[in-house]
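Structure file entry_8.cif; described as mmCIF, C-alpha atoms.
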data_structure
loop_
_atom_site.label_atom_id
_atom_site.label_comp_id
_atom_site.auth_asym_id
_atom_site.auth_seq_id
_atom_site.Cartn_x
_atom_site.Cartn_y
_atom_site.Cartn_z
CA MET A 1 27.07 29.75 -26.36
CA TRP A 2 29.82 27.77 -24.72
CA LYS A 3 30.65 24.12 -24.55
CA LYS A 4 31.58 21.56 -21.91
CA GLU A 5 35.32 21.99 -22.66
CA ASP A 6 34.99 25.70 -22.02
CA ALA A 7 33.34 25.06 -18.71
CA LYS A 8 36.21 22.79 -17.65
CA SER A 9 38.96 25.22 -18.59
CA HIS A 10 37.36 28.42 -17.34
CA ALA A 11 35.57 27.04 -14.31
CA GLY A 12 33.27 29.44 -12.48
CA SER A 13 34.03 32.68 -14.28
CA GLU A 14 32.70 31.43 -17.60
CA ILE A 15 29.46 30.45 -15.95
CA SER A 16 29.12 33.78 -14.25
CA THR A 17 29.57 35.80 -17.44
CA SER A 18 27.25 33.85 -19.67
CA HIS A 19 24.65 33.30 -16.96
CA GLY A 20 24.94 36.19 -14.63
CA ILE A 21 22.55 34.85 -12.08
CA ALA A 22 24.84 31.97 -11.25
CA ALA A 23 27.86 34.09 -10.41
CA SER A 24 28.09 33.90 -6.65
CA SER A 25 26.98 30.33 -6.43
CA ALA A 26 29.30 28.98 -9.11
CA ASN A 27 32.29 30.41 -7.33
CA ALA A 28 31.11 29.05 -4.03
CA ALA A 29 30.57 25.58 -5.40
CA VAL A 30 33.80 25.28 -7.36
CA SER A 31 36.44 27.13 -5.46
CA ASN A 32 34.97 26.98 -2.00
CA THR A 33 36.38 30.40 -1.19
CA SER A 34 34.17 30.97 1.80
CA PRO A 35 35.70 29.29 4.84
CA SER A 36 32.37 29.13 6.63
CA ARG A 37 30.60 27.28 3.82
CA GLU A 38 31.63 23.69 3.26
CA THR A 39 31.00 22.43 -0.26
CA PRO A 40 30.01 18.77 -0.35
CA ALA A 41 32.25 16.55 -2.44
CA SER A 42 29.41 15.42 -4.69
CA SER A 43 28.65 19.05 -5.55
CA VAL A 44 32.15 19.64 -6.88
CA ALA A 45 32.16 16.32 -8.69
CA THR A 46 28.94 17.05 -10.54
CA LEU A 47 29.48 20.68 -11.46
CA PRO A 48 32.02 20.41 -14.33
CA ARG A 49 29.64 18.24 -16.30
CA ALA A 50 26.85 20.80 -16.29
CA GLU A 51 26.76 23.57 -18.89
CA ALA A 52 24.93 25.91 -16.57
CA CYS A 53 24.60 26.25 -12.87
CA ILE A 54 22.16 27.73 -10.43
CA GLY A 55 24.38 27.86 -7.42
CA GLN A 56 23.91 27.87 -3.73
CA GLY A 57 22.41 31.13 -2.52
CA ILE A 58 20.56 31.77 -5.77
CA ARG A 59 16.77 31.69 -5.79
CA ILE A 60 14.69 31.60 -8.94
CA LYS A 61 10.93 31.90 -9.18
CA GLY A 62 9.56 31.08 -12.59
CA GLU A 63 10.32 28.81 -15.48
CA VAL A 64 13.72 27.37 -16.36
CA THR A 65 13.86 25.69 -19.78
CA GLY A 66 16.57 24.59 -22.17
CA SER A 67 18.35 21.66 -23.77
CA GLY A 68 21.76 21.58 -22.11
CA ASP A 69 22.94 20.15 -18.81
CA LEU A 70 22.04 22.06 -15.68
CA PHE A 71 23.26 21.87 -12.11
CA VAL A 72 20.99 23.31 -9.45
CA ASP A 73 22.42 23.86 -6.02
CA GLY A 74 20.18 26.81 -5.18
CA GLN A 75 16.44 27.26 -4.93
CA VAL A 76 13.99 27.05 -7.81
CA GLU A 77 10.24 27.52 -7.62
CA GLY A 78 8.05 27.10 -10.67
CA LYS A 79 9.03 24.81 -13.52
CA LEU A 80 12.31 23.19 -14.58
CA SER A 81 12.41 21.60 -18.00
CA LEU A 82 15.34 20.41 -20.15
CA THR A 83 14.40 18.78 -23.43
CA ASN A 84 17.37 16.41 -23.67
CA GLY A 85 19.93 17.42 -21.10
CA SER A 86 20.89 16.16 -17.70
CA LEU A 87 19.58 17.92 -14.63
CA THR A 88 21.36 17.55 -11.32
CA ILE A 89 19.85 18.85 -8.11
CA GLY A 90 22.86 19.31 -5.87
CA PRO A 91 22.97 18.51 -2.16
CA ASN A 92 22.04 22.08 -1.32
CA GLY A 93 19.44 22.37 -4.05
CA GLN A 94 15.81 22.96 -3.12
CA VAL A 95 13.34 22.73 -5.94
CA LYS A 96 9.62 23.34 -5.68
CA ALA A 97 8.72 22.61 -9.24
CA ASP A 98 7.75 20.01 -11.76
CA VAL A 99 11.05 18.82 -13.15
CA THR A 100 11.62 17.30 -16.60
CA ALA A 101 14.89 16.25 -18.26
CA GLY A 102 16.51 13.40 -20.12
CA GLU A 103 18.31 12.38 -16.96
CA VAL A 104 17.55 13.70 -13.49
CA ILE A 105 19.91 13.25 -10.56
CA VAL A 106 18.51 14.29 -7.20
CA ARG A 107 20.93 14.87 -4.34
CA GLY A 108 18.94 17.71 -2.79
CA ARG A 109 15.25 18.24 -2.18
CA VAL A 110 12.49 18.30 -4.76
CA GLU A 111 8.82 18.99 -4.19
CA GLY A 112 6.89 18.25 -7.34
CA LYS A 113 6.77 15.82 -10.21
CA VAL A 114 10.13 14.48 -11.40
CA SER A 115 10.15 13.16 -14.97
CA GLY A 116 13.34 11.67 -16.36
CA ARG A 117 12.88 10.39 -19.87
CA ASP A 118 15.86 8.05 -19.65
CA LYS A 119 16.76 7.86 -16.00
CA VAL A 120 16.14 9.24 -12.54
CA LEU A 121 18.71 8.74 -9.82
CA LEU A 122 17.89 9.51 -6.21
CA GLY A 123 21.16 9.97 -4.40
CA SER A 124 21.67 9.08 -0.77
CA THR A 125 21.00 12.69 0.24
CA GLY A 126 18.13 13.12 -2.18
CA GLN A 127 14.55 13.81 -1.10
CA VAL A 128 11.56 13.77 -3.39
CA HIS A 129 8.09 14.74 -2.27
CA GLY A 130 5.89 14.09 -5.26
CA GLU A 131 5.67 11.88 -8.26
CA VAL A 132 8.56 10.22 -10.10
CA GLN A 133 8.17 9.08 -13.70
CA THR A 134 10.98 7.46 -15.64
CA ASP A 135 12.12 4.49 -17.66
CA ARG A 136 14.95 3.65 -15.28
CA LEU A 137 15.01 4.52 -11.60
CA ALA A 138 17.97 4.15 -9.26
CA ILE A 139 17.52 4.75 -5.55
CA GLU A 140 20.59 4.92 -3.34
CA ASP A 141 20.41 3.93 0.32
CA GLY A 142 19.31 6.86 2.41
CA ALA A 143 17.26 8.52 -0.32
CA MET A 144 13.79 9.64 0.70
CA LEU A 145 10.87 9.25 -1.63
CA ARG A 146 7.37 10.30 -0.66
CA GLY A 147 4.84 9.90 -3.41
CA ARG A 148 3.94 7.86 -6.42
CA VAL A 149 6.54 6.22 -8.64
CA GLU A 150 6.11 5.06 -12.21
CA ALA A 151 9.13 3.29 -13.59
CA GLY A 152 9.78 1.08 -16.61
CA LYS A 153 9.28 1.37 -20.33
CA GLN A 154 5.91 2.35 -21.69
CA PRO A 155 4.91 1.01 -25.08
CA GLY A 156 5.11 3.74 -27.72
CA LYS A 157 6.99 6.09 -25.41
CA ALA A 158 10.22 6.17 -27.45
CA GLU A 159 8.46 7.50 -30.53
CA GLU A 160 6.67 10.15 -28.50
CA TYR A 161 9.93 11.42 -27.03
CA ALA A 162 11.68 11.38 -30.39
CA VAL A 163 9.01 13.68 -31.77
CA ALA A 164 9.19 15.95 -28.72
CA ALA A 165 12.99 16.14 -28.88
CA GLY A 166 12.88 16.93 -32.59
CA ALA A 167 10.41 19.75 -32.02
CA ALA A 168 12.55 21.13 -29.21
CA ALA A 169 15.74 20.97 -31.24
CA SER A 170 14.17 22.89 -34.09
CA GLY A 171 13.13 25.57 -31.64
CA THR A 172 16.67 26.22 -30.31
CA LYS A 173 19.74 27.26 -32.31
CA GLY A 174 22.67 25.56 -30.69
CA GLY A 175 20.94 22.83 -28.80
CA SER A 176 22.72 23.57 -25.55
CA ALA A 177 21.01 26.61 -24.18
CA VAL A 178 19.38 27.05 -20.84
CA THR A 179 16.97 29.94 -20.65
CA MET A 180 15.18 31.33 -17.68
CA SER A 181 11.95 33.14 -18.23
CA THR A 182 9.44 34.87 -16.00
CA GLY A 183 12.07 34.52 -13.34
CA THR A 184 13.08 36.54 -10.34
CA ALA A 185 16.57 35.88 -9.11
CA ALA A 186 17.28 36.83 -5.54
CA ASP A 187 20.03 36.02 -3.17
CA MET B 188 25.26 -28.42 0.05
CA ALA B 189 23.52 -25.91 2.28
CA PRO B 190 20.11 -27.00 3.58
CA ILE B 191 17.15 -25.33 1.97
CA PRO B 192 15.30 -23.23 4.54
CA ALA B 193 11.71 -24.12 5.24
CA VAL B 194 8.97 -21.84 4.03
CA GLY B 195 8.72 -18.83 6.27
CA SER B 196 11.70 -19.70 8.42
CA PRO B 197 13.95 -16.67 8.54
CA ARG B 198 17.58 -17.02 7.52
CA LEU B 199 20.36 -15.25 9.29
CA PRO B 200 19.82 -11.50 9.18
CA GLU B 201 21.75 -9.79 6.37
CA ALA B 202 21.49 -6.33 7.81
CA PRO B 203 20.30 -5.04 11.15
CA GLY B 204 16.54 -5.45 11.35
CA SER B 205 16.17 -7.46 8.17
CA CYS B 206 15.99 -11.11 7.18
CA THR B 207 15.18 -13.11 4.09
CA ARG B 208 12.39 -15.64 3.92
CA VAL B 209 11.51 -18.14 1.22
CA SER B 210 8.19 -17.23 -0.34
CA ASN B 211 6.10 -19.81 -2.15
CA GLY B 212 3.47 -17.14 -2.65
CA LEU B 213 5.94 -15.01 -4.57
CA LYS B 214 6.98 -17.99 -6.69
CA GLU B 215 3.34 -18.63 -7.57
CA PHE B 216 2.74 -14.92 -8.22
CA LEU B 217 5.65 -14.83 -10.68
CA TRP B 218 4.55 -18.07 -12.27
CA ASN B 219 1.19 -16.46 -13.00
CA LEU B 220 2.91 -13.47 -14.60
CA ASP B 221 5.28 -15.60 -16.64
CA GLY B 222 4.98 -14.99 -20.36
CA LEU B 223 3.05 -11.78 -19.91
CA GLY B 224 5.70 -9.73 -21.69
CA ARG B 225 5.29 -6.03 -21.01
CA GLY B 226 3.09 -6.10 -17.97
CA THR B 227 2.07 -3.44 -15.49
CA LEU B 228 2.49 -3.77 -11.75
CA LEU B 229 1.19 -1.71 -8.84
CA ASP B 230 3.26 -1.94 -5.67
CA LEU B 231 1.48 -0.57 -2.62
CA GLY B 232 4.58 -0.62 -0.45
CA PRO B 233 7.46 1.83 -0.41
CA ALA B 234 9.60 2.09 -3.55
CA TRP B 235 12.57 -0.24 -3.10
CA GLN B 236 15.34 -0.40 -5.64
CA THR B 237 15.44 -4.20 -5.59
CA THR B 238 11.72 -4.64 -6.19
CA LEU B 239 11.62 -2.01 -8.94
CA THR B 240 14.67 -3.43 -10.68
CA PHE B 241 13.37 -6.98 -10.39
CA PHE B 242 10.18 -6.17 -12.30
CA ILE B 243 11.59 -3.56 -14.68
CA GLU B 244 14.22 -6.06 -15.82
CA ARG B 245 11.38 -8.41 -16.63
CA GLY B 246 9.76 -5.81 -18.86
CA PHE B 247 7.22 -4.48 -16.37
CA ARG B 248 6.07 -0.92 -15.96
CA VAL B 249 5.96 -0.46 -12.17
CA SER B 250 3.82 2.03 -10.29
CA SER B 251 4.61 2.34 -6.64
CA GLU B 252 2.46 4.05 -4.05
CA ASP B 253 3.21 3.71 -0.35
CA ILE B 254 -0.41 3.55 0.66
CA LEU B 255 0.12 3.17 4.38
CA ARG B 256 2.32 6.26 4.58
CA GLU B 257 -0.24 8.16 2.51
CA TRP B 258 -2.92 6.99 4.93
CA LYS B 259 -0.91 8.17 7.91
CA ASP B 260 -0.37 11.60 6.31
CA PHE B 261 -4.04 11.72 5.38
CA LEU B 262 -5.10 11.04 8.98
CA ALA B 263 -2.85 13.84 10.22
CA GLU B 264 -4.43 16.23 7.71
CA GLU B 265 -7.90 15.05 8.65
CA GLU B 266 -7.13 15.82 12.27
CA LYS B 267 -6.25 19.40 11.34
CA ARG B 268 -9.28 19.65 9.11
CA LEU B 269 -11.53 18.42 11.89
CA GLN B 270 -10.36 21.23 14.13
CA GLU B 271 -10.94 23.82 11.39
CA VAL B 272 -14.37 22.42 10.63
CA ALA B 273 -15.31 22.51 14.31
CA VAL B 274 -14.29 26.16 14.50
CA ALA B 275 -16.15 27.08 11.31
CA GLY B 276 -19.20 25.05 12.26
CA GLU B 277 -19.22 23.16 8.95
CA ASP B 278 -20.63 19.68 8.49
CA VAL B 279 -18.21 17.07 7.12
CA ASP B 280 -18.69 13.31 7.00
CA MET B 281 -16.10 12.08 9.48
CA THR B 282 -17.39 8.50 9.59
CA PRO B 283 -14.94 5.76 8.54
CA VAL B 284 -16.84 5.38 5.26
CA GLY B 285 -16.66 9.10 4.47
CA ARG B 286 -13.00 9.22 5.41
CA ALA B 287 -12.19 6.17 3.28
CA GLU B 288 -13.98 7.70 0.31
CA ARG B 289 -12.04 10.95 0.63
CA PHE B 290 -8.76 9.07 0.95
CA LEU B 291 -9.37 6.86 -2.06
CA ALA B 292 -10.53 9.82 -4.13
CA ALA B 293 -7.15 11.44 -3.49
CA ASN B 294 -5.16 8.24 -4.17
CA PHE B 295 -5.42 5.29 -6.57
CA ARG B 296 -5.96 7.62 -9.48
CA TYR B 297 -5.38 5.10 -12.22
CA ALA B 298 -7.45 4.06 -15.20
CA ARG B 299 -9.66 0.99 -15.00
CA SER B 300 -8.05 -2.30 -15.98
CA SER B 301 -4.61 -0.72 -16.06
CA PHE B 302 -2.67 -3.32 -14.05
CA ASP B 303 -1.78 -6.96 -14.50
CA ALA B 304 -0.55 -7.43 -10.95
CA VAL B 305 -0.73 -5.79 -7.54
CA LEU B 306 1.53 -6.24 -4.52
CA ILE B 307 -0.45 -5.43 -1.38
CA TRP B 308 1.97 -7.00 1.10
CA ASP B 309 0.44 -7.02 4.61
CA LEU B 310 -1.09 -3.54 4.42
CA LEU B 311 -4.69 -4.67 4.76
CA ASP B 312 -3.98 -5.68 8.37
CA TYR B 313 -3.09 -2.04 9.09
CA LEU B 314 -5.93 -0.25 7.31
CA GLU B 315 -9.28 0.43 8.92
CA PRO B 316 -11.57 -2.45 7.89
CA THR B 317 -13.88 -0.06 6.03
CA LEU B 318 -10.96 1.37 4.09
CA ALA B 319 -9.55 -2.10 3.44
CA ARG B 320 -12.87 -3.17 1.88
CA GLN B 321 -13.09 -0.09 -0.32
CA THR B 322 -9.42 -0.38 -1.28
CA ILE B 323 -9.97 -3.93 -2.51
CA ALA B 324 -13.10 -2.82 -4.39
CA ASN B 325 -11.04 -0.11 -6.12
CA LEU B 326 -8.14 -2.46 -6.85
CA THR B 327 -10.53 -4.94 -8.42
CA GLU B 328 -11.51 -2.23 -10.90
CA LEU B 329 -7.88 -1.37 -11.61
CA LEU B 330 -6.93 -4.98 -12.35
CA ARG B 331 -7.37 -6.51 -15.77
CA PRO B 332 -9.28 -9.79 -16.01
CA GLY B 333 -6.79 -12.51 -15.10
CA GLY B 334 -4.79 -10.02 -13.04
CA VAL B 335 -3.03 -11.26 -9.91
CA VAL B 336 -2.88 -9.85 -6.39
CA PHE B 337 -0.28 -10.90 -3.84
CA ALA B 338 -1.14 -10.18 -0.21
CA LEU B 339 0.14 -11.23 3.19
CA PHE B 340 -2.02 -11.66 6.29
CA HIS B 341 -0.83 -12.10 9.84
CA SER B 342 -2.39 -15.05 11.65
CA LYS B 343 -2.15 -13.16 14.92
CA LYS B 344 -1.58 -9.54 15.81
CA PRO B 345 1.92 -8.64 14.59
CA GLU B 346 4.46 -7.75 17.25
CA GLY B 347 6.40 -5.36 15.04
CA PHE B 348 5.96 -3.47 11.82
CA GLN B 349 7.71 -4.83 8.77
CA ARG B 350 8.27 -3.85 5.19
CA TYR B 351 8.88 -6.31 2.37
CA ARG B 352 10.92 -6.25 -0.77
CA ILE B 353 11.87 -8.82 -3.33
CA ALA B 354 15.21 -10.49 -2.72
CA ASP B 355 15.02 -12.87 -5.67
CA SER B 356 12.41 -14.85 -7.54
CA SER B 357 11.71 -17.13 -4.60
CA SER B 358 12.37 -15.04 -1.52
CA LEU B 359 11.42 -11.83 0.19
CA GLN B 360 13.50 -9.58 2.35
CA VAL B 361 11.66 -8.61 5.53
CA ILE B 362 12.74 -5.30 7.02
CA SER B 363 11.74 -4.17 10.50
CA SER B 364 10.59 -0.55 10.38
CA PRO B 365 9.10 2.01 12.76
CA ALA B 366 5.36 1.43 12.91
CA LEU B 367 3.33 3.80 10.75
CA CYS B 368 -0.07 2.65 12.00
CA PRO B 369 -1.17 0.11 14.59
CA ALA B 370 -2.49 -3.21 13.28
CA GLN B 371 -6.27 -2.94 12.93
CA LYS B 372 -7.50 -6.44 12.36
CA VAL B 373 -6.50 -10.09 12.09
CA TYR B 374 -8.44 -11.51 9.16
CA GLN B 375 -9.85 -15.02 9.25
CA ASN B 376 -10.00 -17.11 6.09
CA ARG B 377 -13.71 -16.47 5.58
CA GLU B 378 -13.22 -12.72 5.94
CA ILE B 379 -10.41 -12.79 3.41
CA GLN B 380 -12.63 -14.67 0.97
CA ASP B 381 -15.35 -12.07 1.48
CA LEU B 382 -12.92 -9.22 0.89
CA PHE B 383 -11.85 -10.74 -2.41
CA SER B 384 -15.23 -12.16 -3.36
CA ARG B 385 -15.01 -10.78 -6.91
CA PHE B 386 -11.84 -12.76 -7.59
CA ARG B 387 -12.20 -16.19 -9.14
CA THR B 388 -9.23 -17.92 -7.50
CA MET B 389 -7.62 -17.71 -4.09
CA LYS B 390 -4.55 -19.67 -3.05
CA SER B 391 -2.92 -19.48 0.37
CA PHE B 392 0.48 -20.54 1.68
CA VAL B 393 0.72 -20.79 5.43
CA SER B 394 4.18 -20.41 6.89
CA ARG B 395 5.70 -20.96 10.29
CA ASP B 396 6.10 -17.28 11.03
CA GLN B 397 2.36 -16.59 11.39
CA LEU B 398 2.21 -15.03 7.96
CA ARG B 399 -0.22 -16.28 5.33
CA GLU B 400 0.83 -15.56 1.78
CA THR B 401 -2.23 -15.33 -0.42
CA LEU B 402 -2.70 -15.06 -4.14
CA PHE B 403 -5.90 -13.85 -5.80
CA ILE B 404 -6.65 -14.06 -9.50
CA LYS B 405 -9.38 -11.89 -10.99
#
Can the structure from this file be put into structure tokens for me?
Amino acid sequence: MWKKEDAKSHAGSEISTSHGIAASSANAAVSNTSPSRETPASSVATLPRAEACIGQGIRIKGEVTGSGDLFVDGQVEGKLSLTNGSLTIGPNGQVKADVTAGEVIVRGRVEGKVSGRDKVLLGSTGQVHGEVQTDRLAIEDGAMLRGRVEAGKQPGKAEEYAVAAGAAASGTKGGSAVTMSTGTAAD
Amino acid sequence: MAPIPAVGSPRLPEAPGSCTRVSNGLKEFLWNLDGLGRGTLLDLGPAWQTTLTFFIERGFRVSSEDILREWKDFLAEEEKRLQEVAVAGEDVDMTPVGRAERFLAANFRYARSSFDAVLIWDLLDYLEPTLARQTIANLTELLRPGGVVFALFHSKKPEGFQRYRIADSSSLQVISSPALCPAQKVYQNREIQDLFSRFRTMKSFVSRDQLRETLFIK
């Protein structure tokens, strides 16, 4: 288990050792070693905040669950669920999955239902094909949204989430783990 | 002091292809929702930040469904389906009624009496008349008693396609957009009354820009 401070000081290598599947992508996103691949500025800006990263070039089929922050700049198909963390789909991220997190930031492409308990932000490069459900929704100019939106507080919703978060916290030890199950990682 | 623009007269454009117009219909719509507290709103236009924020800040739960874009996508899929059906020799109801029923079965999946207010904008002018009738019938079921609908009708065939979003509590921003569907019908007053015959009140505001703002209360 490692913390946000660790991620800042050790950059990509820490991510690659604790989450092997993110190795190539983390390096690509942070250090931009490949001259042929240009890393967008927003990708670099968002990465240090996330505790785990599915980088560009990584493809996961299956279920990604956890309670920490996650940055996705690769491809995910299946299900993406963080009980109380922040999920950022980077500009290169392509997600075909139902997505759930405390806060969801979309700068890439999502096909599926996006549920942000607190907030969903569609960045200017973000594309969502599917449903968006959240208390607070921010849409930047240029964002594309195709599908149904449900935004605003629902009566009784806070209590429901508190119970769900409590149950999730009791199920995980450190509270900042991202696990990937039934998954197939492929470059 | 700057002169107050007349109803429907566009101000200077703020951005290319957009202008702001005073909307008495919107004022009346909001007046009807005043004091509702935590209401629910269905917006049948595209999801705009300004419109969402406007209602969320007032305690509303907003559902947004760009019905005209859905209809366009649906028609494209129906076209493909028609070709497949012709090849397979199957029998599918391709009449406007059958098509409208299939479209509405795939959309508007909300519980009865789940909304206090609906923003239709000018979409009825662009839907096939059969679909427009069935859409209103469905919306009537989705609205709570006393619920309010805000719709716009063109008095003559519109020259361009426009989208609308809320600028403030008394004005709308009108945004020129690429046409999704051609205008289907120009509704006369009597036809509008027939469409909304299950509503107890109808109030219209006629403006200079050939746009009738109409409010219906269930």
**Glu131 of chain A environment, 12 Å, all atoms listed in the file, sequence neighbours closer than 6 positions dropped, as a list of chain:residue names** = A:Ala97, A:Asp98, A:Val99, A:Thr100, A:Val110, A:Glu111, A:Gly112, A:Lys113, A:Val114, A:Ser115, A:Gly116, A:Val120, A:Leu145, A:Arg146, A:Gly147, A:Arg148, A:Val149, A:Glu150, A:Ala151, B:Ala234, B:Ser250, B:Ser251, B:Glu252, B:Asp253
**Request:** Pull out every residue of chain B that has at least one atom within 10 Å of chain A, counting all atoms listed in the file, and report them as an NGL selection string.
**Result:** :B and (225-231 or 233-237 or 239-240 or 242-254 or 256-257 or 294-295)
Write a file of the just-selected residues containing C-alpha atoms, as a PDB file, in the coordinates of the input.
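Dumped to selection27.pdb:
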ATOM      1  CA  ARG B 225       5.290  -6.030 -21.010  1.00  0.00           C
ATOM      2  CA  GLY B 226       3.090  -6.100 -17.970  1.00  0.00           C
ATOM      3  CA  THR B 227       2.070  -3.440 -15.490  1.00  0.00           C
ATOM      4  CA  LEU B 228       2.490  -3.770 -11.750  1.00  0.00           C
ATOM      5  CA  LEU B 229       1.190  -1.710  -8.840  1.00  0.00           C
ATOM      6  CA  ASP B 230       3.260  -1.940  -5.670  1.00  0.00           C
ATOM      7  CA  LEU B 231       1.480  -0.570  -2.620  1.00  0.00           C
ATOM      8  CA  PRO B 233       7.460   1.830  -0.410  1.00  0.00           C
ATOM      9  CA  ALA B 234       9.600   2.090  -3.550  1.00  0.00           C
ATOM     10  CA  TRP B 235      12.570  -0.240  -3.100  1.00  0.00           C
ATOM     11  CA  GLN B 236      15.340  -0.400  -5.640  1.00  0.00           C
ATOM     12  CA  THR B 237      15.440  -4.200  -5.590  1.00  0.00           C
ATOM     13  CA  LEU B 239      11.620  -2.010  -8.940  1.00  0.00           C
ATOM     14  CA  THR B 240      14.670  -3.430 -10.680  1.00  0.00           C
ATOM     15  CA  PHE B 242      10.180  -6.170 -12.300  1.00  0.00           C
ATOM     16  CA  ILE B 243      11.590  -3.560 -14.680  1.00  0.00           C
ATOM     17  CA  GLU B 244      14.220  -6.060 -15.820  1.00  0.00           C
ATOM     18  CA  ARG B 245      11.380  -8.410 -16.630  1.00  0.00           C
ATOM     19  CA  GLY B 246       9.760  -5.810 -18.860  1.00  0.00           C
ATOM     20  CA  PHE B 247       7.220  -4.480 -16.370  1.00  0.00           C
ATOM     21  CA  ARG B 248       6.070  -0.920 -15.960  1.00  0.00           C
ATOM     22  CA  VAL B 249       5.960  -0.460 -12.170  1.00  0.00           C
ATOM     23  CA  SER B 250       3.820   2.030 -10.290  1.00  0.00           C
ATOM     24  CA  SER B 251       4.610   2.340  -6.640  1.00  0.00           C
ATOM     25  CA  GLU B 252       2.460   4.050  -4.050  1.00  0.00           C
ATOM     26  CA  ASP B 253       3.210   3.710  -0.350  1.00  0.00           C
ATOM     27  CA  ILE B 254      -0.410   3.550   0.660  1.00  0.00           C
ATOM     28  CA  ARG B 256       2.320   6.260   4.580  1.00  0.00           C
ATOM     29  CA  GLU B 257      -0.240   8.160   2.510  1.00  0.00           C
ATOM     30  CA  ASN B 294      -5.160   8.240  -4.170  1.00  0.00           C
ATOM     31  CA  PHE B 295      -5.420   5.290  -6.570  1.00  0.00           C
TER      32      PHE B 295
END
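Residue membership of the PyMOL selection byres ((chain B and resi 318) around 8) in the shown file amounts to B:Pro283, B:Val284, B:Ala287, B:Glu288, B:Leu314, B:Glu315, B:Pro316, B:Thr317, B:Ala319, B:Arg320, B:Gln321, B:Thr322.
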**Request:** Kindly indicate which residue among B:Leu311, B:Cys206, B:Leu223, B:Ile353 lies nearest to Glu378 of chain B, using all atoms listed in the file for the distances.
**Result:**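 Of B:Leu311, B:Cys206, B:Leu223, B:Ile353, the one nearest Glu378 of chain B, counting all atoms listed in the file, is B:Leu311.
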**Request:** Go through B:Asp355, B:Asp312, B:Gln349, B:Ser210 one by one, measure the shortest atom-to-atom distance of each to Gln375 of chain B using only C-alpha atoms, and give the residue with the smallest value.
**Result:**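 Going through B:Asp355, B:Asp312, B:Gln349, B:Ser210 one by one, the smallest distance to Gln375 of chain B is for B:Asp312.
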**Prompt:** Leaving out Asp309 of chain B and any residue of its chain fewer than 3 positions from it, which residues lie within 7 Å of it when counting all atoms listed in the file, given as number ranges by chain?
**Reply:** B: 312, 338-340
**Computed interatomic separation between atom CA of Val272 of chain B and atom CA of Ala292 of chain B (Å)** = 19.8 Å
Kindly complete segment 339-350 of chain B to N, CA and C atoms; the output should be written as a PDB file, keeping the file's coordinate frame.
ATOM      1  N   LEU B 339      -0.288 -10.483   2.011  1.00  0.00           N
ATOM      2  CA  LEU B 339       0.140 -11.230   3.190  1.00  0.00           C
ATOM      3  C   LEU B 339      -0.821 -10.900   4.335  1.00  0.00           C
ATOM      4  N   PHE B 340      -1.164 -11.892   5.127  1.00  0.00           N
ATOM      5  CA  PHE B 340      -2.020 -11.660   6.290  1.00  0.00           C
ATOM      6  C   PHE B 340      -1.371 -12.289   7.515  1.00  0.00           C
ATOM      7  N   HIS B 341      -1.371 -11.553   8.591  1.00  0.00           N
ATOM      8  CA  HIS B 341      -0.830 -12.100   9.840  1.00  0.00           C
ATOM      9  C   HIS B 341      -1.901 -12.998  10.486  1.00  0.00           C
ATOM     10  N   SER B 342      -1.453 -14.135  10.997  1.00  0.00           N
ATOM     11  CA  SER B 342      -2.390 -15.050  11.650  1.00  0.00           C
ATOM     12  C   SER B 342      -2.713 -14.601  13.061  1.00  0.00           C
ATOM     13  N   LYS B 343      -1.863 -13.775  13.622  1.00  0.00           N
ATOM     14  CA  LYS B 343      -2.150 -13.160  14.920  1.00  0.00           C
ATOM     15  C   LYS B 343      -1.611 -11.731  14.876  1.00  0.00           C
ATOM     16  N   LYS B 344      -1.979 -10.941  15.848  1.00  0.00           N
ATOM     17  CA  LYS B 344      -1.580  -9.540  15.810  1.00  0.00           C
ATOM     18  C   LYS B 344      -0.056  -9.409  15.741  1.00  0.00           C
ATOM     19  N   PRO B 345       0.455  -8.715  14.747  1.00  0.00           N
ATOM     20  CA  PRO B 345       1.920  -8.640  14.590  1.00  0.00           C
ATOM     21  C   PRO B 345       2.587  -7.895  15.747  1.00  0.00           C
ATOM     22  N   GLU B 346       3.746  -8.398  16.131  1.00  0.00           N
ATOM     23  CA  GLU B 346       4.460  -7.750  17.250  1.00  0.00           C
ATOM     24  C   GLU B 346       5.208  -6.503  16.790  1.00  0.00           C
ATOM     25  N   GLY B 347       5.671  -6.516  15.563  1.00  0.00           N
ATOM     26  CA  GLY B 347       6.400  -5.360  15.040  1.00  0.00           C
ATOM     27  C   GLY B 347       5.924  -5.033  13.642  1.00  0.00           C
ATOM     28  N   PHE B 348       6.350  -3.882  13.164  1.00  0.00           N
ATOM     29  CA  PHE B 348       5.960  -3.470  11.820  1.00  0.00           C
ATOM     30  C   PHE B 348       7.081  -3.821  10.848  1.00  0.00           C
ATOM     31  N   GLN B 349       6.694  -4.395   9.723  1.00  0.00           N
ATOM     32  CA  GLN B 349       7.710  -4.830   8.770  1.00  0.00           C
ATOM     33  C   GLN B 349       7.371  -4.356   7.364  1.00  0.00           C
ATOM     34  N   ARG B 350       8.415  -4.148   6.620  1.00  0.00           N
ATOM     35  CA  ARG B 350       8.270  -3.850   5.190  1.00  0.00           C
ATOM     36  C   ARG B 350       8.854  -5.029   4.424  1.00  0.00           C
TER      37      ARG B 350
END
